[in-house]
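Presented below is the structure to which this report refers.
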Amino acid sequence: MDIESKISFRLKNLGEYVFFGVAEAKKQALNSGKDVIDLGGGNPDLAPHPKIVETLKKEADDPENHRHPVYEGLPELRKAVARWMKRRFDVDPDPDSEVLILLGSKEGLALVSWAFLDPRDVALVPDPAYPPFKRGVMLAGGKPVLVPLLKKNRWLPDFDEIKREDVSEAKLLFLNYPNNPTGALADREFLQRAVDFAKENEIIICQDMAYSEITFDGIKSESILTVDGAKDCSLEFFSFSKTFGMTGWRLGFVVGNKKLIDALKQVEVNVHSGAFHLLQKAACVALSLEEKEIDVARLTYQQRRDILVKGLKELGWEVEAPKGGIFVWAKIPYRMDSKNMANLLIEKAGVVTTPGVGLGPSGEGYLRFSLIVDEVRLKKVVDRLKSLKL
Ligand SMILES: Cc1ncc(COP(=O)(O)O)c(C=O)c1O
């Protein structure tokens with residue numbers, strides 16, 4: 001059988017997932033015996049708080065926790081989410097109808113397109129961006145329309161620049177602040193503008209807050225749900241991966257409009273059967289941590305940021321200190337495209353980064369460095385870049 005001919009166009013059209021390409025180049029470097037420093041992915045190296053892990057171990061002894069999970073998430077975790085949203089943002093969601101537990105925010109962000117897009121429906125997707133927004137739209141048969149994030153606009157989309165016909169056909173708008181890869185934050189003024197735009201044009205906002213708690217210099221991220229009218233049209237996605245170092249657990253949640261949550265839930269229940277209860281019980285502990293316990297992670301990423309940004313600047317790279325997230329978005333100071341630059345860094349310096357173009361065409365000319373190794377290794381990255389004669 002010609003299996004190739006059986007593969008759906010949806011899948012074929014996706015092309016290579018940028019992180020596979022990076023992983024392959026890294027494998028080759030490792031095979032050649034290089035000491036590889038991997039700043040390619042978004043996989044945090046900080047361990048979860050001991051209280052979270054202790055709860056996980058204790059709950060493993062309870063046979064009830066090994067039974068089939070509750071589809072939409074344990075009531076106690078949904079209540080913990082609602083309490084956390086109140087404490088952190090002064091948003092008061094109903095835990096039964098306005099909160100849904102996800103198997104990582106990625107899963108929700110990809111499946112949300114299945115809930116709202118019919119074939120060829122438009123979704124407005126930031127460029128550059130976390131790839132599952134666009135790829136989720138494509139897998140659902142929808143049409144992604146890229147909205148460039150440019151430095152001159154503080155890496156925020158300019159809604160006036162989107163073609164009228166795309167706006168009128170759009171059903172979804174993806175946003176992500178604190179932003180991967182640019183490190184930008186969204187202020188209230190922008191969030192209000194986004195909600196006004198969405199309401200005026202009947203578009204659903206999917207705001208990705210995976211990095212909600214990883215912000216620097218004392219600035220805090222704001223929830224879009226605090227903005228006038230947002231509850232009519234918005235879903236806000238959160239992750240346990242980055243704030244709490246629980247990446248491998250695959251746990252996240254989404255908060256927002258009841259009807260939107262319900263539609264996403266309908267897709268979820270048909271695709272998976274809920275998150276393992278042990279994880280959900282330990283996640284309740286994560287959400288009860290005090291701010292000062294989360295400050296440890298914030299400060300760690302901030303110190304790493306400062307080392308890398310200073311080092312890159314000294315080497316002539318054009319780079320802004322990110323305000324949040326775990327990435328540094330740096331303009332390549334040589335006449336080289338981002339794929340070639342990333343390959344050269346792996347080959348000659350043993351440093352893995354993400355080529356900006358892999359995150360969208362507007363990312364060409366940039367590299368993304370992840371802050372996922374300790375300060376000693378980051379200093380080594382700067383030293384290795386220094387010794388490259390380019
Ligand atoms: C912007 C953004 N959103 C979502 C995710 C996915 O996070 P999770 O581990 O919750 O699926 C990531 C992970 O890298 C990310 O960078």
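Convention: chains lettered A, B, ... in structure tokens order; per-chain residue numbering from 1; ligands numbered from 1 as shown.
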Among stretch 60-196 of chain A, which ones does DSSP place in helix (DSSP H, G or I), written as number ranges by chain?
A: 60, 63-66, 75-89, 105-116, 132-139, 151-153, 159-161, 164-169, 188-196
Please list as a compact mmCIF listing (two decimals) with all heavy atoms, in the first residue's frame every residue within 12 Å of A:Gly33, counting only C-alpha atoms and excluding residues in the same chain fewer than 4 positions away.
```
# COMPACT_ATOMS: atom_id res chain seq x y z
N LYS A 26 20.96 18.68 17.10
CA LYS A 26 21.56 18.47 18.42
C LYS A 26 22.08 17.04 18.55
O LYS A 26 23.18 16.80 19.06
CB LYS A 26 20.50 18.76 19.50
CG LYS A 26 21.00 18.53 20.91
CD LYS A 26 19.89 18.76 21.92
CE LYS A 26 20.23 18.11 23.25
NZ LYS A 26 19.12 18.16 24.20
N LYS A 27 21.29 16.09 18.07
CA LYS A 27 21.68 14.68 18.14
C LYS A 27 23.01 14.46 17.41
O LYS A 27 23.92 13.80 17.93
CB LYS A 27 20.57 13.81 17.52
CG LYS A 27 20.61 12.38 18.01
CD LYS A 27 19.28 11.69 17.89
CE LYS A 27 19.04 11.28 16.45
NZ LYS A 27 17.70 10.82 16.17
N GLN A 28 23.11 15.06 16.26
CA GLN A 28 24.36 14.90 15.48
C GLN A 28 25.55 15.47 16.24
O GLN A 28 26.62 14.87 16.29
CB GLN A 28 24.23 15.59 14.13
CG GLN A 28 23.41 14.76 13.16
CD GLN A 28 23.22 15.48 11.83
OE1 GLN A 28 23.89 16.46 11.55
NE2 GLN A 28 22.27 15.00 11.06
N ALA A 29 25.36 16.64 16.87
CA ALA A 29 26.46 17.26 17.62
C ALA A 29 26.85 16.38 18.80
O ALA A 29 28.03 16.17 19.09
CB ALA A 29 26.06 18.65 18.09
N GLU A 347 27.18 23.60 15.26
CA GLU A 347 28.40 22.97 14.72
C GLU A 347 29.68 23.51 15.35
O GLU A 347 30.54 22.77 15.80
CB GLU A 347 28.46 23.28 13.23
CG GLU A 347 28.50 22.07 12.33
CD GLU A 347 28.42 22.54 10.90
OE1 GLU A 347 29.44 23.07 10.42
OE2 GLU A 347 27.34 22.39 10.30
N GLY A 350 28.65 24.33 19.67
CA GLY A 350 27.92 23.36 20.49
C GLY A 350 26.77 24.02 21.25
O GLY A 350 26.40 23.58 22.33
```
Per residue of chain A within 7 Å of ligand 1, what are the shortest atom pair and its distance in Å to one decimal, counting only C-alpha atoms and all ligand atoms, with rows by chain and residue number, as a tab-separated table?
```
residue	atom	partner	partner_atom_place_in_ligand_line	distance
A:Gly42	CA	ligand 1	14 (O)	4.6
A:Asn43	CA	ligand 1	14 (O)	6.8
A:Gly104	CA	ligand 1	11 (O)	3.7
A:Ser105	CA	ligand 1	10 (O)	3.7
A:Lys106	CA	ligand 1	11 (O)	3.6
A:Glu107	CA	ligand 1	11 (O)	6.2
A:Tyr130	CA	ligand 1	1 (C)	5.1
A:Asn176	CA	ligand 1	1 (C)	6.1
A:Asn179	CA	ligand 1	1 (C)	6.5
A:Asn180	CA	ligand 1	1 (C)	5.0
A:Asp208	CA	ligand 1	3 (N)	5.8
A:Met209	CA	ligand 1	3 (N)	7.0
A:Ala210	CA	ligand 1	3 (N)	4.9
A:Phe238	CA	ligand 1	10 (O)	6.8
A:Ser239	CA	ligand 1	10 (O)	4.0
A:Phe240	CA	ligand 1	10 (O)	6.0
A:Ser241	CA	ligand 1	9 (O)	4.8
A:Thr247	CA	ligand 1	9 (O)	5.1
A:Arg250	CA	ligand 1	9 (O)	5.8
A:Leu251	CA	ligand 1	10 (O)	6.0
A:Gly252	CA	ligand 1	10 (O)	5.2
```
Looking only at strand (DSSP E) from DSSP on the backbone, list the matching residues of stretch 42-255 of chain A as a ChimeraX atom specification.
/A:99-102,122-127,143-148,170-176,204-208,234-239,252-255
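For the choices A:Leu367, A:Ile261, A:Leu388, A:Leu117, the atom-to-atom distance to A:Pro95 is smallest for A:Ile261 when using only C-alpha atoms.
Using only C-alpha atoms, the residues found no farther than 7 Å from stretch 279-294 of chain A, other than those of its own chain fewer than 2 positions away, are Ile52, Thr55, Leu56, Leu74, Leu77, Ala80, Trp84, Phe244, Trp249, Ala275, Phe276, His277, Val296, Ala297 and Arg298 of chain A.
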So, with only C-alpha atoms as the atoms that count, which of A:Ser362, A:Ser387, A:Gln302, A:Gln266 lies closest to A:Leu100?
A:Gln266
Do you have, as CSV, the list of residues of stretch 238-341 of chain A lying at most 12 Å from stretch 150-172 of chain A, each with its nearest atom pair and that distance in Å to one decimal, counting only C-alpha atoms and ordered by chain then number?
```
residue,atom,partner,partner_atom,distance
A:Leu260,CA,A:Leu172,CA,11.5
A:Glu318,CA,A:Lys151,CA,11.4
A:Val319,CA,A:Lys151,CA,10.7
A:Glu320,CA,A:Lys151,CA,9.8
A:Pro322,CA,A:Trp155,CA,11.2
A:Lys323,CA,A:Arg154,CA,11.3
A:Trp329,CA,A:Lys151,CA,10.8
A:Ala330,CA,A:Lys151,CA,11.4
A:Lys331,CA,A:Lys151,CA,10.8
```
Residues at most 7 Å from A:Gly142, counting only C-alpha atoms, excluding those fewer than 3 positions away in the same chain, as a PyMOL selection string?
chain A and resi 117-122+137-138
Write out as a PyMOL selection string which residues come within 10 Å of A:Met85 when counting only C-alpha atoms, dropping same-chain ones fewer than 5 positions away.
chain A and resi 79-80+90-93+223+225+255+287
Restricted to N, CA, C and O atoms, what would the selected residues look like written as an mmCIF file, in the first residue's frame?
```cif
data_model
loop_
_atom_site.group_PDB
_atom_site.id
_atom_site.type_symbol
_atom_site.label_atom_id
_atom_site.label_comp_id
_atom_site.auth_asym_id
_atom_site.auth_seq_id
_atom_site.Cartn_x
_atom_site.Cartn_y
_atom_site.Cartn_z
ATOM 1 N N LYS A 79 -11.602 24.300 41.981
ATOM 2 C CA LYS A 79 -11.825 25.304 43.036
ATOM 3 C C LYS A 79 -10.509 26.012 43.366
ATOM 4 O O LYS A 79 -10.477 27.226 43.587
ATOM 5 N N ALA A 80 -9.409 25.238 43.391
ATOM 6 C CA ALA A 80 -8.095 25.844 43.689
ATOM 7 C C ALA A 80 -7.717 26.852 42.592
ATOM 8 O O ALA A 80 -7.152 27.907 42.868
ATOM 9 N N ASP A 90 -7.712 38.990 40.872
ATOM 10 C CA ASP A 90 -9.035 39.493 41.224
ATOM 11 C C ASP A 90 -10.083 39.128 40.156
ATOM 12 O O ASP A 90 -10.990 39.899 39.853
ATOM 13 N N VAL A 91 -9.928 37.939 39.593
ATOM 14 C CA VAL A 91 -10.923 37.386 38.662
ATOM 15 C C VAL A 91 -11.628 36.259 39.420
ATOM 16 O O VAL A 91 -10.983 35.511 40.133
ATOM 17 N N ASP A 92 -12.934 36.185 39.264
ATOM 18 C CA ASP A 92 -13.728 35.289 40.112
ATOM 19 C C ASP A 92 -14.457 34.218 39.301
ATOM 20 O O ASP A 92 -15.689 34.233 39.229
ATOM 21 N N PRO A 93 -13.767 33.268 38.674
ATOM 22 C CA PRO A 93 -14.486 32.319 37.819
ATOM 23 C C PRO A 93 -15.294 31.306 38.623
ATOM 24 O O PRO A 93 -14.924 30.966 39.755
ATOM 25 N N SER A 223 -4.332 39.665 33.760
ATOM 26 C CA SER A 223 -5.262 38.738 33.109
ATOM 27 C C SER A 223 -6.181 39.515 32.176
ATOM 28 O O SER A 223 -6.740 40.553 32.554
ATOM 29 N N LEU A 225 -8.991 38.705 31.493
ATOM 30 C CA LEU A 225 -10.351 38.589 32.028
ATOM 31 C C LEU A 225 -10.717 39.734 32.969
ATOM 32 O O LEU A 225 -11.866 39.856 33.394
ATOM 33 N N VAL A 255 -9.495 29.225 31.665
ATOM 34 C CA VAL A 255 -10.530 29.955 32.403
ATOM 35 C C VAL A 255 -11.197 30.899 31.411
ATOM 36 O O VAL A 255 -10.516 31.464 30.543
ATOM 37 N N LEU A 287 -0.788 25.581 43.486
ATOM 38 C CA LEU A 287 -1.554 26.836 43.420
ATOM 39 C C LEU A 287 -1.685 27.512 44.779
ATOM 40 O O LEU A 287 -2.099 28.667 44.864
#
```
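The space between atom CA of A:Phe190 and atom CA of A:Tyr211 spans 17.7 Å.
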Which of these residues is nearest to A:Asn65, using only C-alpha atoms: A:Ser8, A:Ile204, A:Ile219, A:Leu278?
A:Leu278
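Our summary of the geometry notes that atom CA of A:Arg135 is positioned 6.5 Å from atom CA of A:Leu14.
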Between A:Ala123, A:Asp306, A:His68, A:Ile203, which is the closest to A:Lys143 once you count only C-alpha atoms?
A:Ala123
Could you give me, as a VMD selection string, the residues within 7 Å of stretch 355-357 of chain A, counting only C-alpha atoms and dropping anything in the same chain fewer than 5 positions from it?
chain A and resid 338 to 339 342 362 to 368
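Each of A:Val227, A:Ala186, A:Ala115, A:Ala129 was checked against A:Ala263 using only C-alpha atoms; the smallest atom-to-atom distance is that of A:Ala115.
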